[in-house]
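Just below is one structure, and these are the notes that go with it.
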Amino acid sequence: MELIDPWLDSVEVRRLAELLMKPSRHPAAVLSEAGFEAGFLGYTTGPAVAVESQTVTPAAVQEKVTQAADSASAAEKVTQADPEPLPSTARGSFLDIIHHFRDWMREHFSAKEMFILDRQGEVIFDESHHGRLHFLARSLALAPRRAGSFAGYVHIKIRAGATLEVIPVETPNGYLILGAVVPVALSPAAMSAVMEAMILVAGAQTAPRAPDQAV
Amino acid sequence: MINIAVSSQKGGVGKTTVSINLAHAFARAGVRTLLVDADPQGSVGLSLTRQSRLLAGFYDFLKDPSTPLERLIVPTRLETFALVASGQASDYEASGGIGAHLSRVRDFLHGVAGRGYDLCILDTAAGLFGVTGDVVSSSDAIMILQQAEPLGIRSVPKLLEGLNRMRVMNPRLSILGVCLTMVQHDLIESTEAAAALRQLLPPEMVFQTQIPRNSLFVRASARGLPIGAMEEGAAVQAVFDRLRVEIEDKLQPGDARRVQPV
């Protein structure tokens, strides 16, 4: 084991391997039972984008946003390969900020049916109203992996012209799973921008609750 | 019919060699076997047929599912052994981008099953994404090849993560296990790597049979033959016969899909 121990965590590897040799824990995820049937065309996975809270802090993203705002007068057409960062002007309740993020996703990526789940798979935000999409996103994002490793994003082509993007993001306020249906799978650059935006959203300071909203 | 995907995390581990010779071993045992080249590089066709550059194949079906399977299936001199080449549209995935071929892969396998084969072995491209992901998501079982060398062993965690994700997409996927390839008994790094993998993974996850590095593979490939068809190939063919028996044992005895000879 001297050959490999310095390179990998043998206990973790063993755990992952033993999970694989057991019957699947996801019997309900059979695609024909997952609501897609003939409309489900396929999927592909992408590498994890190197965006982690340790390396890309909200402050760093904020700086990028400011730089982008400085040059925004050029009003260049935003392409998916070079998406404009999420502007940081949104203030208000957490829901307001999420709505701002949703609008940004719509504008730049024509995203629809967006939802956000937490580490336990609980719904934080949802405009898809599609529990099966949640289930699939949760199952993929929370599939067993090495402890401490970062789950990569997954593209799932759910029907012609519609790809569900499952984007796990480790934010300063915890692990979130973003799901969004887009017409064309996002490029790695776009993925990186979305993940940075999610970190910004999760780390945003919400406005104080108005007195009449206080419980 | 049972479908077995032959996959690996890394390229160049001997997938095509194992796929050809394992398929040949099953066919020799009387199992009606179809070997499908699902690797866009088209190595199966290049290894076994001089006309591979002209043959329509698996990727042509993905491009146009109305392509009759009879046009794709190439018989061999062994009655129980046929193959489907990669085809002329092998660059389809590269240009097509997203792996959006699941339904067509399943249509292909459904069509093949209707033609009386007991076993379909799919030689895939390295990695677990794109068309390979669709093939694995459509298969009953997967056999993973791992070269007996240190770098390959270090990629095992990534492989396991990929497989766990595959099982979300395809819960019925049976993990037959990892088969060590290119084992060099005269090279300590190779034998140590093999031993380390066996120590690392549960015993039932690693095939007892391991494939040696052997110059006969090169000679067989040069002649366009499976190793079992070579006059001097009996000893190496015996390795693939042992691998065949191990696979049969791993398939559940009561399973209706168990590979049965004709």
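In the structure tokens, chains take the letters A, B, ... in the order shown, each chain's residues start at 1, and ligands count up from 1 in the order shown.
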
Could you produce a table of the residues of chain B lying within 10 Å of chain A, with the nearest pair of atoms per residue and their separation in Å rounded to one decimal, using only C-alpha atoms, ordered by chain and increasing residue number, as JSON lines?
{"residue": "B:Gly97", "atom": "CA", "partner": "A:Ala185", "partner_atom": "CA", "distance": 9.1}
{"residue": "B:Ile98", "atom": "CA", "partner": "A:Thr44", "partner_atom": "CA", "distance": 6.1}
{"residue": "B:Gly99", "atom": "CA", "partner": "A:Thr44", "partner_atom": "CA", "distance": 5.0}
{"residue": "B:Ala100", "atom": "CA", "partner": "A:Gly42", "partner_atom": "CA", "distance": 4.3}
{"residue": "B:His101", "atom": "CA", "partner": "A:Gly42", "partner_atom": "CA", "distance": 5.6}
{"residue": "B:Leu102", "atom": "CA", "partner": "A:Gly42", "partner_atom": "CA", "distance": 4.5}
{"residue": "B:Ser103", "atom": "CA", "partner": "A:Leu41", "partner_atom": "CA", "distance": 5.5}
{"residue": "B:Arg104", "atom": "CA", "partner": "A:Leu41", "partner_atom": "CA", "distance": 8.2}
{"residue": "B:Val105", "atom": "CA", "partner": "A:Gly42", "partner_atom": "CA", "distance": 9.6}
{"residue": "B:Leu128", "atom": "CA", "partner": "A:Thr45", "partner_atom": "CA", "distance": 8.0}
{"residue": "B:Phe129", "atom": "CA", "partner": "A:Thr44", "partner_atom": "CA", "distance": 5.3}
{"residue": "B:Gly130", "atom": "CA", "partner": "A:Thr44", "partner_atom": "CA", "distance": 5.2}
{"residue": "B:Val131", "atom": "CA", "partner": "A:Thr44", "partner_atom": "CA", "distance": 8.2}
{"residue": "B:Thr132", "atom": "CA", "partner": "A:Thr44", "partner_atom": "CA", "distance": 9.3}
{"residue": "B:Gly133", "atom": "CA", "partner": "A:Thr44", "partner_atom": "CA", "distance": 6.8}
{"residue": "B:Asp134", "atom": "CA", "partner": "A:Gly42", "partner_atom": "CA", "distance": 6.5}
{"residue": "B:Ser137", "atom": "CA", "partner": "A:Gly42", "partner_atom": "CA", "distance": 9.0}
{"residue": "B:Glu149", "atom": "CA", "partner": "A:Leu3", "partner_atom": "CA", "distance": 9.9}
{"residue": "B:Pro150", "atom": "CA", "partner": "A:Leu3", "partner_atom": "CA", "distance": 6.9}
{"residue": "B:Leu151", "atom": "CA", "partner": "A:Ile4", "partner_atom": "CA", "distance": 8.9}
{"residue": "B:Ile153", "atom": "CA", "partner": "A:Ile4", "partner_atom": "CA", "distance": 7.3}
{"residue": "B:Arg154", "atom": "CA", "partner": "A:Trp7", "partner_atom": "CA", "distance": 6.5}
{"residue": "B:Ser155", "atom": "CA", "partner": "A:Leu8", "partner_atom": "CA", "distance": 9.0}
{"residue": "B:Val156", "atom": "CA", "partner": "A:Val13", "partner_atom": "CA", "distance": 7.8}
{"residue": "B:Pro157", "atom": "CA", "partner": "A:Val13", "partner_atom": "CA", "distance": 5.8}
{"residue": "B:Lys158", "atom": "CA", "partner": "A:Arg145", "partner_atom": "CA", "distance": 8.5}
{"residue": "B:Leu159", "atom": "CA", "partner": "A:Ala17", "partner_atom": "CA", "distance": 9.8}
{"residue": "B:Leu160", "atom": "CA", "partner": "A:Leu16", "partner_atom": "CA", "distance": 6.3}
{"residue": "B:Glu161", "atom": "CA", "partner": "A:Arg145", "partner_atom": "CA", "distance": 5.2}
{"residue": "B:Gly162", "atom": "CA", "partner": "A:Arg145", "partner_atom": "CA", "distance": 8.6}
{"residue": "B:Leu163", "atom": "CA", "partner": "A:Leu20", "partner_atom": "CA", "distance": 7.5}
{"residue": "B:Asn164", "atom": "CA", "partner": "A:Pro144", "partner_atom": "CA", "distance": 6.2}
{"residue": "B:Arg165", "atom": "CA", "partner": "A:Ala143", "partner_atom": "CA", "distance": 5.7}
{"residue": "B:Met166", "atom": "CA", "partner": "A:Leu140", "partner_atom": "CA", "distance": 8.8}
{"residue": "B:Arg167", "atom": "CA", "partner": "A:Ser24", "partner_atom": "CA", "distance": 6.7}
{"residue": "B:Val168", "atom": "CA", "partner": "A:His26", "partner_atom": "CA", "distance": 6.0}
{"residue": "B:Met169", "atom": "CA", "partner": "A:Ala29", "partner_atom": "CA", "distance": 6.6}
{"residue": "B:Asn170", "atom": "CA", "partner": "A:Val30", "partner_atom": "CA", "distance": 6.2}
{"residue": "B:Pro171", "atom": "CA", "partner": "A:Ser24", "partner_atom": "CA", "distance": 5.4}
{"residue": "B:Arg172", "atom": "CA", "partner": "A:Ser24", "partner_atom": "CA", "distance": 7.2}
{"residue": "B:Leu173", "atom": "CA", "partner": "A:Ser24", "partner_atom": "CA", "distance": 8.3}
{"residue": "B:Ser174", "atom": "CA", "partner": "A:Met21", "partner_atom": "CA", "distance": 8.1}
{"residue": "B:Ile175", "atom": "CA", "partner": "A:Met21", "partner_atom": "CA", "distance": 6.7}
{"residue": "B:Leu176", "atom": "CA", "partner": "A:Met21", "partner_atom": "CA", "distance": 8.7}
{"residue": "B:Gly177", "atom": "CA", "partner": "A:Met21", "partner_atom": "CA", "distance": 8.7}
{"residue": "B:Glu189", "atom": "CA", "partner": "A:Leu3", "partner_atom": "CA", "distance": 8.6}
{"residue": "B:Glu192", "atom": "CA", "partner": "A:Leu3", "partner_atom": "CA", "distance": 7.5}
{"residue": "B:Ala193", "atom": "CA", "partner": "A:Leu3", "partner_atom": "CA", "distance": 7.1}
{"residue": "B:Ala195", "atom": "CA", "partner": "A:Met1", "partner_atom": "CA", "distance": 8.3}
{"residue": "B:Ala196", "atom": "CA", "partner": "A:Met1", "partner_atom": "CA", "distance": 5.4}
{"residue": "B:Leu197", "atom": "CA", "partner": "A:Met1", "partner_atom": "CA", "distance": 8.5}
{"residue": "B:Arg198", "atom": "CA", "partner": "A:Met1", "partner_atom": "CA", "distance": 9.9}
{"residue": "B:Gln199", "atom": "CA", "partner": "A:Met1", "partner_atom": "CA", "distance": 7.5}
{"residue": "B:Leu200", "atom": "CA", "partner": "A:Ser10", "partner_atom": "CA", "distance": 6.2}
{"residue": "B:Leu201", "atom": "CA", "partner": "A:Arg14", "partner_atom": "CA", "distance": 5.7}
{"residue": "B:Pro202", "atom": "CA", "partner": "A:Glu18", "partner_atom": "CA", "distance": 6.7}
{"residue": "B:Glu204", "atom": "CA", "partner": "A:Met21", "partner_atom": "CA", "distance": 8.1}
{"residue": "B:Met205", "atom": "CA", "partner": "A:Met21", "partner_atom": "CA", "distance": 7.2}

Could you list, as a short mmCIF file (atom, residue, chain, number, x, y, z; two decimals) with C-alpha atoms, in the first residue's frame, every residue within 8 Å of Pro183 (chain A), counting only C-alpha atoms and ignoring same-chain residues fewer than 3 positions away?
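Heads up, here's the output in part.cif:
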data_model
loop_
_atom_site.label_atom_id
_atom_site.label_comp_id
_atom_site.auth_asym_id
_atom_site.auth_seq_id
_atom_site.Cartn_x
_atom_site.Cartn_y
_atom_site.Cartn_z
CA SER A 110 -32.49 31.45 -20.98
CA ALA A 111 -32.83 29.36 -17.84
CA GLY A 161 -33.96 21.49 -26.52
CA ALA A 162 -34.03 21.19 -22.74
CA THR A 163 -31.09 20.30 -20.53
#

Give me, as a tab-separated table, each residue of region 111-220 of chain B that comes within 8 Å of region 239-252 of chain B, together with its shortest interatomic pair and the distance in Å at one decimal, counting only C-alpha atoms, with rows ordered by chain and rising residue number.
residue	atom	partner	partner_atom	distance
B:Leu176	CA	B:Lys250	CA	6.6
B:Phe207	CA	B:Glu246	CA	7.4
B:Gln208	CA	B:Glu246	CA	8.0
B:Thr209	CA	B:Leu243	CA	5.7
B:Gln210	CA	B:Val239	CA	7.7
B:Ile211	CA	B:Val239	CA	7.1

- Within region 23-238 of chain B, find each residue whose DSSP state, derived from the backbone, is alpha helix (DSSP H), and express the selection as a PyMOL selection string. chain B and resi 23-28+43-48+58-63+69-72+92-96+102-113+130-138+150-154+156-169+188-200+215-223+234-238

- Message: Please report the interatomic distance between CA of Phe61 (chain B) and CA of Ser221 (chain B) in Å with one decimal.
- Response: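 It comes out at 26.2 Å.
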
- Contact residues around region 6-10 of chain B with only C-alpha atoms at 8 Å, ignoring same-chain residues under 2 positions, as JSON, numbers by chain: {"B": [4, 12, 13, 15, 19, 121, 122, 123, 124, 125, 126, 127, 128, 142, 143, 144, 145, 146, 152, 155, 156, 158, 159]}

Take the selection from the previous step and output its residues with C-alpha atoms, as a PDB file, in the first residue's frame.
ATOM      1  CA  ILE B   4     -21.873  -5.827 -20.776  1.00  0.00           C
ATOM      2  CA  GLY B  12      -4.818   2.644 -23.436  1.00  0.00           C
ATOM      3  CA  VAL B  13      -5.519  -0.036 -20.853  1.00  0.00           C
ATOM      4  CA  LYS B  15     -10.192  -2.434 -23.632  1.00  0.00           C
ATOM      5  CA  SER B  19     -13.328  -7.008 -25.569  1.00  0.00           C
ATOM      6  CA  ILE B 121     -20.253  -6.816 -25.341  1.00  0.00           C
ATOM      7  CA  LEU B 122     -19.728  -3.109 -25.895  1.00  0.00           C
ATOM      8  CA  ASP B 123     -16.193  -1.819 -26.171  1.00  0.00           C
ATOM      9  CA  THR B 124     -16.447   1.813 -25.055  1.00  0.00           C
ATOM     10  CA  ALA B 125     -14.247   4.863 -25.179  1.00  0.00           C
ATOM     11  CA  ALA B 126     -12.367   5.740 -21.987  1.00  0.00           C
ATOM     12  CA  GLY B 127     -14.178   7.746 -19.334  1.00  0.00           C
ATOM     13  CA  LEU B 128     -17.768   7.624 -18.167  1.00  0.00           C
ATOM     14  CA  ILE B 142     -20.043  -3.128 -16.517  1.00  0.00           C
ATOM     15  CA  MET B 143     -16.554  -4.546 -16.386  1.00  0.00           C
ATOM     16  CA  ILE B 144     -13.820  -2.033 -15.648  1.00  0.00           C
ATOM     17  CA  LEU B 145     -10.293  -2.504 -16.851  1.00  0.00           C
ATOM     18  CA  GLN B 146      -7.381  -1.143 -14.902  1.00  0.00           C
ATOM     19  CA  GLY B 152      -3.732   3.877 -13.024  1.00  0.00           C
ATOM     20  CA  SER B 155      -7.277   7.112 -10.677  1.00  0.00           C
ATOM     21  CA  VAL B 156      -9.461   4.550  -8.899  1.00  0.00           C
ATOM     22  CA  LYS B 158     -12.376   9.071  -9.613  1.00  0.00           C
ATOM     23  CA  LEU B 159     -13.536   5.888 -11.268  1.00  0.00           C
TER      24      LEU B 159
END

- Message: as a ChimeraX atom specification, please: the residues near Met182 (chain B) (cut-off 7 Å, only C-alpha atoms, same-chain neighbours under 2 positions excluded).
- Response: /B:147-148,184,211-213

Keeping N, CA and C atoms, export the residues of the selection given above as a PDB file, in the first residue's frame.
ATOM      1  N   GLN B 147      -5.191  -0.823 -15.779  1.00  0.00           N
ATOM      2  CA  GLN B 147      -3.815  -1.223 -16.061  1.00  0.00           C
ATOM      3  C   GLN B 147      -3.044  -1.361 -14.755  1.00  0.00           C
ATOM      4  N   ALA B 148      -2.240  -2.406 -14.665  1.00  0.00           N
ATOM      5  CA  ALA B 148      -1.473  -2.649 -13.443  1.00  0.00           C
ATOM      6  C   ALA B 148      -0.254  -1.744 -13.423  1.00  0.00           C
ATOM      7  N   GLN B 184       2.664  -7.129 -15.779  1.00  0.00           N
ATOM      8  CA  GLN B 184       4.023  -7.557 -16.141  1.00  0.00           C
ATOM      9  C   GLN B 184       4.666  -8.189 -14.912  1.00  0.00           C
ATOM     10  N   ILE B 211      -5.023  -9.979 -16.908  1.00  0.00           N
ATOM     11  CA  ILE B 211      -4.559 -10.111 -18.289  1.00  0.00           C
ATOM     12  C   ILE B 211      -3.100  -9.695 -18.363  1.00  0.00           C
ATOM     13  N   PRO B 212      -2.256 -10.597 -18.806  1.00  0.00           N
ATOM     14  CA  PRO B 212      -0.822 -10.260 -18.870  1.00  0.00           C
ATOM     15  C   PRO B 212      -0.499  -9.394 -20.091  1.00  0.00           C
ATOM     16  N   ARG B 213       0.557  -8.644 -19.990  1.00  0.00           N
ATOM     17  CA  ARG B 213       1.088  -8.010 -21.199  1.00  0.00           C
ATOM     18  C   ARG B 213       1.775  -9.118 -21.998  1.00  0.00           C
TER      19      ARG B 213
END

- Task: For CA of Asp118 (chain A) and CA of Leu176 (chain A), quote the distance in Å rounded to one decimal.
- Result: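 Computed distance, CA of Asp118 (chain A) to CA of Leu176 (chain A), equals 4.7 Å.
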
- Message: Write out as a list in words the set of residues from region 77-185 of chain B that DSSP, computed on the backbone, places in strand (DSSP E or B).
- Response: Phe81, Ala82, Leu83, Val84, Leu119, Cys120, Ile121, Leu122, Asp123, Thr124, Ala141, Ile142, Met143, Ile144, Leu145, Gln146, Gln147, Ser174, Ile175, Leu176, Gly177, Val178, Cys179, Leu180, Thr181 and Val183 of chain B

Hey, what's within 10 Å of Pro68 (chain B) if we count only C-alpha atoms and toss same-chain stuff fewer than 4 positions away? As a compact mmCIF listing (two decimals) with C-alpha atoms, in the first residue's frame, please?
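So selection-v2.txt came out as:
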# COMPACT_ATOMS: atom_id res chain seq x y z
CA PHE B 61 -27.07 4.10 -36.12
CA ASP B 64 -29.67 7.73 -38.20
CA LEU B 72 -24.31 -3.06 -39.39
CA ILE B 73 -23.84 -6.62 -38.17
CA PHE B 108 -29.92 -0.15 -30.81
CA GLY B 111 -32.98 -4.13 -31.86

- Note on the structure: One residue among B:Leu180, B:Val31, B:Val218, B:Met230 is nearest to Val206 (chain B) when using only C-alpha atoms, and that residue is B:Leu180
